[in-house]
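Note sheet for the following structure.
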Amino acid sequence: MEKVTFVGEHLLFGNLGNIAVVCSFIFSILAFVGYYFKEKYNDESWGKIGKISLWIHSASVLAIFVILYWLIHGHYYEYQYVWKHSSNTLPSYFMISCFWEGQEGSFLLWMFWHVMLSLIIYFRPTKLSYGAIAVIMLAQAVLSSMLLGINFLGMKIGSSPFALLRDVQPEILDIPRLQMIGKANYLSLIEDGSGLNPLLQNYWMVIHPPTLFLGFAAMVVPFAYMISAFWKRDHSSWIRPMIPWALFSVMILGAGIIMGAFWAYESLSFGGYWAWDPVENASLMPWILMVAVVHLLLILKNSGQYKVLTIMLICFSFFLVLYATFLTRSGVLGEASVHSFTDLGLSGQLLLFIFMFIFLAVYASINNKNRAIIFLSLCVLLIGFNFLSIKYHWLSTPVMNSFNLVMLLGFIYWWAKELMNVYPAKKVDENIWSREFWMFIGSLVLLLSAFQIIFYTSAPVFNKLFNLNLAVNKPEFYNKFQLPFVIVIALLSGLGQFFNYRYSDKKVFWKNQLIPIVASLILGVVLILSWKIYHFNFALMLILSVYSVVANTIYLFKNLRGKLKLGGASIAHAGFGLMMIGVLASSINKEVLTHNNINRDFVDGSTGEKAQAFNRENMLLRRGDTVRIANYLVYYDTISDIPPDKYFHVHWLRTNERGEIVEKFTLKPNAQNNPKMGGLISSPDTRHYLSHDIYTHVNHESGLETVEDFKNFKKDTVRVGQYFTTTSGTIRVKVADIENFKSDDGKKVRLIANLEVQSLGKVQTIPASMIINMETNQIEYEDAQSNEAGFLGRLLSIIPSENMELVITTAERKPIFDYIIMKAVKFPWVNLLWSGTIILTIGFSLSIAQRIKEMRKWNPST
């Protein structure tokens, strides 16, 4: 076959990018090997290999990052990733969002943060740093393999961000026009890219994914320190260095989750900030588990208790990050989530990623290596048996489920038992009047909360593996089950601070509780009555959330004497309590303002419960018409057309009892018709107040309507002032008057019949013109047309007579008028939620600073 030289391709950048990917893969493996042997045998020669490989790997990852961004910014559409995720019209500040819209870019972002974290550990060494870097480099090797994009022994390994469009989509070379100009010139036909997902064209999506992936990346650090401790058989020196990293991962991942919630609130149209979507849950699961780890680490540091449980949860926190990656990127969620990626054929690699690190943790943690090898071999056989059983139907689904559940519990029990042999439990008398006892209870509650979310979020996985048909649960289901956990955590987050480690004096404890309890009850009852929250569970949650805020505030200023540096935990707990108050107030008392009582569906006339629910909560606004929504007069009059978006200028006028306007503002919800994404994509606009938000979004707009051709043509001969009707009789017309004009050169005469059109209760005057060329006797027509009336009128001729008559043709079609269907929601006290997240983050920051300070006092070399 004749080799084709393609015109206009810039292959140098892609080749450099692919070389950088291969280098990052190879040198991450070398860095792992070098640092592993340095940690294991304290051999400096291996340490040098690890050090050099770490720096080359870091430079390679940075090179991949820079090259890919250069290609996106330069619109090099010969590369499939660039063509798929960017476009010419995309503003430069959204170019960075293109980087991580696809799987390859998000894996690269994850790798970038791993590099940064590795360098921090490298420059701030501790006893276990070399082993920790080795584990992170092993993770980097796996992530780098996700970008290789090669076929090995018939298997696809990775998906390259530097793959050429013509290689990924060879059908593009079969475009008929290329038969004329030649396949070599295919780039001349690709003038623009597919573009960034409209929902990602938001400033929050510039910072939300990097923050979230930094949180995911940070989760590897506690795990890496733990594996390093296993290798060294270190029983205690890993505890203090791990606490700041655990706090850091909780803070950053939590901030990323909240940014995602705020993005959903600002950009999505479901009317809220959390929908218990499987991908949202996937990021929440490891966060909850790591919060439990933080508290268990503090118990372990102060009393030496629960070491095995702490170790296992550290490992499972990282396993959950890997599992979350599998959920979102394997395609297993399908339509269960609006966030999930399509499957790029990497499911096998992702599963290997998970099992490899599980095997690493189990093997490294057990003293008896022969037993570890035998057990891990049995696990491999069990996995193989599962797949064969599914393929050949050896066991029924219920039997298989039961069998796997027993095996999973057996695995956890066996591993815990082996760990107990390595790390024997410290014999300490349990005391319910100690801080560590209640921190342990809180950790167990968090563990149960995470388990409930993990189990039900995994429904699509169970469906795929065991041929089930489990439904994806609605938000109400999760709200119901998570409410008791929140109530207990709110109580413990306020109560726990007043206990001392090991033992607390009962009288002192209850004396310290008097003011918080009384103040919380009074304030809680006031809020219950003000917000009309009469459901027992919700009222209890409100009172205990208030208690968490009040108790921690009193503890901070009374017990800690206002020393903010020491009050990170109190501030974080108070922030959590404030968040829960905001969640409750904004959810329970959420008020739909656009009530509509017309019993029909605005969009397509469909009926049924869904259509009626839509109709009850959405209101039709015709352009120029004013309607009352709550105590506002609302109208929209302008459309800013910034392709592909339309911004609808909706004006809100708040009036007092006398009808006087006391406030005026304009909201601009936008929408675009995007057939690739299933139709209308809308983004809300919100008016923020201290006590509430008014949230609006457009669910339908008149630009989506199909324009019909005119029909029912009818010819009438009428006089000036005489009424006549169209064929259907629904439109009444008369000739109001006649005008005539001559052109300046006298060659043309314009005759105008001003038609008064009455339809749908409105009257409008529209000119119908007839232009006569005096030299050629040719006639041109300019019709009178009204989209709102669905009317067309043409002046055909004028019959000179004593009572001048006009011949006019009319036609009709379905009326078209500019309108939007809008939903407006009032979220009361939602700012308490956002304020709580800020306070929570500040608390974590102060705690991290304090723990680093303590660690340096304990070990000045760190």
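Residues in the structure tokens are numbered from 1 in each chain, the chains being A, B, ... in the order shown, and ligands are numbered from 1 in the order shown.
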Q: May I have all residues of stretch 417-603 of chain A that DSSP, computed from the backbone, assigns to alpha helix (DSSP H), given as a VMD selection string?
A: chain A and resid 417 to 422 435 to 457 459 to 466 475 to 495 506 to 531 536 to 554 568 to 588
Q. Could you pull the residues within 12 Å of stretch 852-854 of chain A, counting only C-alpha atoms, minus those fewer than 3 positions along the same chain, as a list in words?
A.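 Near stretch 852-854 of chain A, the qualifying residues are Arg124, Arg240, Pro241, Met242, Ile243, Pro244, Trp245, Ala246, Leu247, Phe248, Lys301, Lys565, Leu566, Ser845, Leu846, Ser847, Ile848, Ala849, Lys857, Trp858, Asn859, Pro860 and Thr862 of chain A.
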So that I have them on file, write out the residues from the current selection with N, CA, C and O atoms, as a short mmCIF file (atom, residue, chain, number, x, y, z; two decimals), in the first residue's frame.
data_model
loop_
_atom_site.label_atom_id
_atom_site.label_comp_id
_atom_site.auth_asym_id
_atom_site.auth_seq_id
_atom_site.Cartn_x
_atom_site.Cartn_y
_atom_site.Cartn_z
N ARG A 124 11.44 16.90 52.78
CA ARG A 124 11.17 16.88 54.23
C ARG A 124 11.23 15.44 54.71
O ARG A 124 10.22 14.84 55.06
N ARG A 240 3.03 9.64 64.16
CA ARG A 240 3.06 11.10 64.17
C ARG A 240 3.22 11.71 62.78
O ARG A 240 2.51 12.66 62.45
N PRO A 241 4.15 11.22 61.92
CA PRO A 241 4.25 11.81 60.58
C PRO A 241 2.99 11.63 59.75
O PRO A 241 2.72 12.42 58.85
N MET A 242 2.22 10.58 60.07
CA MET A 242 1.03 10.30 59.25
C MET A 242 -0.13 11.24 59.57
O MET A 242 -0.97 11.52 58.71
N ILE A 243 -0.20 11.74 60.81
CA ILE A 243 -1.35 12.55 61.20
C ILE A 243 -1.51 13.81 60.34
O ILE A 243 -2.61 14.08 59.83
N PRO A 244 -0.43 14.63 60.12
CA PRO A 244 -0.62 15.80 59.25
C PRO A 244 -1.03 15.43 57.83
O PRO A 244 -1.85 16.14 57.22
N TRP A 245 -0.49 14.33 57.31
CA TRP A 245 -0.86 13.91 55.95
C TRP A 245 -2.31 13.45 55.89
O TRP A 245 -3.02 13.72 54.92
N ALA A 246 -2.75 12.74 56.93
CA ALA A 246 -4.15 12.32 56.96
C ALA A 246 -5.07 13.54 57.03
O ALA A 246 -6.08 13.61 56.33
N LEU A 247 -4.71 14.50 57.86
CA LEU A 247 -5.49 15.74 57.96
C LEU A 247 -5.48 16.49 56.63
O LEU A 247 -6.51 17.02 56.19
N PHE A 248 -4.32 16.53 55.98
CA PHE A 248 -4.20 17.23 54.70
C PHE A 248 -5.09 16.59 53.64
O PHE A 248 -5.80 17.29 52.90
N LYS A 301 -1.97 7.65 69.03
CA LYS A 301 -0.86 8.49 69.51
C LYS A 301 -0.93 8.68 71.02
O LYS A 301 0.10 8.68 71.71
N LYS A 565 -4.63 28.65 67.54
CA LYS A 565 -3.66 27.67 67.05
C LYS A 565 -3.89 26.28 67.63
O LYS A 565 -3.56 25.27 67.00
N LEU A 566 -4.45 26.24 68.84
CA LEU A 566 -4.72 24.96 69.48
C LEU A 566 -6.15 24.48 69.23
O LEU A 566 -6.50 23.37 69.63
N SER A 845 -6.81 23.33 58.59
CA SER A 845 -5.52 24.00 58.36
C SER A 845 -4.78 24.25 59.67
O SER A 845 -3.57 24.00 59.77
N LEU A 846 -5.52 24.72 60.67
CA LEU A 846 -4.89 24.97 61.97
C LEU A 846 -4.43 23.66 62.61
O LEU A 846 -3.36 23.61 63.24
N SER A 847 -5.22 22.60 62.45
CA SER A 847 -4.83 21.30 63.00
C SER A 847 -3.57 20.78 62.33
O SER A 847 -2.67 20.23 63.00
N ILE A 848 -3.48 20.93 61.01
CA ILE A 848 -2.29 20.48 60.29
C ILE A 848 -1.05 21.22 60.79
O ILE A 848 0.00 20.61 61.08
N ALA A 849 -1.17 22.55 60.92
CA ALA A 849 -0.05 23.35 61.40
C ALA A 849 0.39 22.92 62.79
O ALA A 849 1.59 22.79 63.08
N LYS A 857 8.89 18.92 67.12
CA LYS A 857 9.40 18.85 68.49
C LYS A 857 9.76 17.42 68.87
O LYS A 857 10.74 17.16 69.55
N TRP A 858 8.93 16.49 68.38
CA TRP A 858 9.17 15.08 68.67
C TRP A 858 10.41 14.57 67.93
O TRP A 858 11.20 13.80 68.45
N ASN A 859 10.58 15.04 66.67
CA ASN A 859 11.72 14.62 65.84
C ASN A 859 12.23 15.83 65.09
O ASN A 859 11.74 16.14 64.01
N PRO A 860 13.20 16.57 65.62
CA PRO A 860 13.68 17.81 65.00
C PRO A 860 14.20 17.64 63.59
O PRO A 860 14.31 18.62 62.86
N THR A 862 12.71 16.34 61.14
CA THR A 862 11.63 16.39 60.14
C THR A 862 11.32 17.81 59.77
O THR A 862 11.61 18.74 60.49
#
Q: Between A:Lys3, A:Arg166, A:Lys48, A:Lys711, single out the one closest to A:Tyr77, counting only C-alpha atoms.
A: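 Nearest candidate to A:Tyr77 out of A:Lys3, A:Arg166, A:Lys48, A:Lys711: A:Arg166.
For the pair atom CA of A:Pro815 and atom CA of A:His700, the interatomic distance is 16.7 Å.
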Q | Long-range neighbours of A:Tyr363 as a ChimeraX atom specification, 12 Å cut-off, only C-alpha atoms, 5 positions minimum in chain | A | /A:227,230-231,355-358,368-377,415,418-419
Determine, counting only C-alpha atoms, which protein, DNA and RNA residues have an atom within 6 Å of an atom of A:Ile820; residues of the same chain fewer than 4 positions away are not included. Present the result as an mmCIF file with N, CA, C and O atoms, in the first residue's frame.
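So the final result, stored in selection-v3.cif, reads:
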data_model
loop_
_atom_site.group_PDB
_atom_site.id
_atom_site.type_symbol
_atom_site.label_atom_id
_atom_site.label_comp_id
_atom_site.auth_asym_id
_atom_site.auth_seq_id
_atom_site.Cartn_x
_atom_site.Cartn_y
_atom_site.Cartn_z
ATOM 1 N N LEU A 620 -44.359 29.669 32.689
ATOM 2 C CA LEU A 620 -44.107 30.191 31.356
ATOM 3 C C LEU A 620 -44.049 31.718 31.413
ATOM 4 O O LEU A 620 -44.964 32.364 31.927
ATOM 5 N N LEU A 621 -42.954 32.265 30.896
ATOM 6 C CA LEU A 621 -42.801 33.723 30.805
ATOM 7 C C LEU A 621 -42.721 34.110 29.339
ATOM 8 O O LEU A 621 -41.762 33.755 28.651
ATOM 9 N N HIS A 700 -36.947 25.240 29.305
ATOM 10 C CA HIS A 700 -37.369 25.182 27.906
ATOM 11 C C HIS A 700 -37.400 26.611 27.376
ATOM 12 O O HIS A 700 -37.582 27.558 28.151
ATOM 13 N N GLU A 701 -37.174 26.757 26.097
ATOM 14 C CA GLU A 701 -37.272 28.098 25.502
ATOM 15 C C GLU A 701 -37.797 27.972 24.083
ATOM 16 O O GLU A 701 -37.685 26.937 23.440
#
**Q.** Contact residues around A:Phe741 with only C-alpha atoms at 7 Å, ignoring same-chain residues under 2 positions, as a list in words
**A.**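 Here the qualifying residues turn out to be Glu739, Ser743, Val749, Arg750 and Leu751 of chain A.
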(Q) Please list as a PyMOL selection string every residue within 6 Å of stretch 107-119 of chain A, counting only C-alpha atoms and excluding residues in the same chain fewer than 5 positions away. (A) chain A and resi 58+133+213-214+217
(Q) Considering only C-alpha atoms, can you say which of A:Ser60, A:Trp652, A:Gln785, A:Phe319 comes closest to A:Phe710? (A)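 Result for the nearest residue to A:Phe710: A:Gln785.
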Q. What's the 10 Å shell around stretch 551-553 of chain A, counting only C-alpha atoms, without same-chain residues fewer than 5 positions away, as a ChimeraX atom specification?
A. /A:491,493-498,512-517,519-520,544-546,558-560,562,567,569-575,577
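Of the residues under consideration (A:Phe37, A:Gly703, A:Val627, A:Leu755), A:Gly703 shows the shortest atom-to-atom contact distance to A:Asp641 when counting only C-alpha atoms.
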Residues of stretch 246-315 of chain A that have any atom at most 8 Å from an atom of stretch 178-202 of chain A: could you tabulate them with the shortest-distance atom pair and the distance in Å to one decimal, using only C-alpha atoms, ordered by chain and increasing number, as JSON lines?
{"residue": "A:Trp263", "atom": "CA", "partner": "A:Asn202", "partner_atom": "CA", "distance": 7.8}
{"residue": "A:Ser267", "atom": "CA", "partner": "A:Leu199", "partner_atom": "CA", "distance": 6.6}
{"residue": "A:Leu268", "atom": "CA", "partner": "A:Leu199", "partner_atom": "CA", "distance": 7.2}
Q: Could you give me the residues within stretch 25-216 of chain A that DSSP places in strand (DSSP E), as a ChimeraX atom specification?
A: /A:150-152,155-157
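Between atom CA of A:Lys664 and atom CA of A:Ala264 lies a distance of 26.4 Å.
The space separating atom CA of A:Gly442 from atom CA of A:Val486 comes to 10.4 Å.
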